[in-house]
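A short write-up of the structure that comes next.
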Amino acid sequence: MLKNIKCPILLATHYMDDIIELCDTLTVMNEGKIIANGSLSEILSKPDIQPFLGYREIITEIEGQTSLGKEGILKLQAGPVIFRLENDHHLNSRRRIRIRARDVALALKEPSETSMQNIIPGIISKIAEHGPQEVLVTVTLGADGKGPEIQSLITMRSKKDLQLNVGLTISVMIKAVAVQS
C-alpha cells in the first residue's frame, strides 16, 4: 500500500513491529541527537544500536528475485544463493526478506535428514561478543563467500564447542517459516 506512494513518508514511532513492516530507512535518535541513520537492514544489524531501540532483535535483510522452483517450492535468488520460502510470498517479483539472527543455526558439516529447508554453505567473516553469554557470527553466504551476509546469534558455549573462527567454512541453516518478507 505505502510502496505505491512515490514520495517519502516520515514515521515517528517507538513500535519496532511498525518500523520493520513499514520502513526502508531508519534514523535513531537519543536525547535529540541522531546516533544512527541508514538502511533498515544496516541499522538493525548493528548490535551497538540495539540498546537505543529497546529491541534486542538483530535482523538481516536480503533482496532477491522470487520464482517457482522444483516441486512447486517458492525460491528467492540473492546473488549466488537460493532461499526456499513459504508459499505466501509473491511469485516472479523482487522481494526483500528478513531473517532474525536467532533463527539462523550453524553447523560444521551439511546436515542430512532435517526439517531445515535452507542449508547454505558460507564462510565466517566476523565474530563479535554480544552480551555475557552470546556471540554474533557474521557469515558471507555461498561456497565461495561471494553471496550476501547473514548474522547468527548463538551462545558462547556453541562457539567454543564448534571451535568457530573467522575464515571457517560452515553450513548455515534457516527454517523456511523463519524467512519473513
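The chains in the C-alpha cells are called A, B, ... from first to last as shown; in each chain the residues are counted from 1, and the ligands are counted from 1 in the order shown.
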
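Residue neighbourhood of Arg102 in chain A, excluding near-sequence residues (fewer than 5 positions): Arg56, Glu57, Ile58, Ile59, Thr60, Glu134, Val135, Leu136, Val137, Ile150, Gln151, Ser152, Leu153, Ile154, Thr155, Met173, Ile174, Lys175, Ala178 and Val179 of chain A, at 12 Å, using only C-alpha atoms.
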
All strand (DSSP E) residues (DSSP, backbone) inside range 77-150 of chain A, as JSON, numbers by chain: {"A": [77, 78, 81, 82, 83, 84, 85, 94, 95, 96, 97, 98, 99, 100, 104, 105, 106, 107, 118, 119, 120, 121, 122, 123, 124, 125, 126, 127, 128, 129, 134, 135, 136, 137, 138, 139, 140, 141, 149, 150]}

Ile124 in chain A: which residues within 9 Å, counting only C-alpha atoms, same-chain residues fewer than 2 positions away excluded, as a PDB file with C-alpha atoms, in the first residue's frame?
```pdb
ATOM      1  CA  GLY A 122      29.138 -19.926   3.910  1.00  0.00           C
ATOM      2  CA  LYS A 126      33.255 -11.825  11.729  1.00  0.00           C
ATOM      3  CA  ILE A 127      32.636 -12.953  15.305  1.00  0.00           C
ATOM      4  CA  VAL A 137      28.541 -14.559  13.989  1.00  0.00           C
ATOM      5  CA  THR A 138      28.530 -12.887  10.554  1.00  0.00           C
ATOM      6  CA  VAL A 139      28.670 -15.326   7.644  1.00  0.00           C
ATOM      7  CA  THR A 140      29.179 -14.483   3.980  1.00  0.00           C
ATOM      8  CA  LEU A 141      26.929 -16.927   2.143  1.00  0.00           C
ATOM      9  CA  GLY A 145      31.837 -16.450   0.127  1.00  0.00           C
ATOM     10  CA  LEU A 164      34.275 -21.270  15.297  1.00  0.00           C
ATOM     11  CA  ASN A 165      36.721 -18.730  13.912  1.00  0.00           C
ATOM     12  CA  VAL A 166      36.922 -16.230  11.067  1.00  0.00           C
ATOM     13  CA  GLY A 167      37.568 -17.909   7.711  1.00  0.00           C
ATOM     14  CA  LEU A 168      35.922 -21.217   8.667  1.00  0.00           C
ATOM     15  CA  THR A 169      33.572 -22.748   6.072  1.00  0.00           C
ATOM     16  CA  ILE A 170      30.273 -23.789   7.647  1.00  0.00           C
TER      17      ILE A 170
END
```

Alpha helix (DSSP H) per DSSP on the backbone: members of range 48-116 of chain A, as a count of residues only: 4

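Counting only C-alpha atoms and comparing A:Ile120, A:Ile20, A:Ile43, A:Leu85, the residue that lies closest to Val104 in chain A is A:Ile120.
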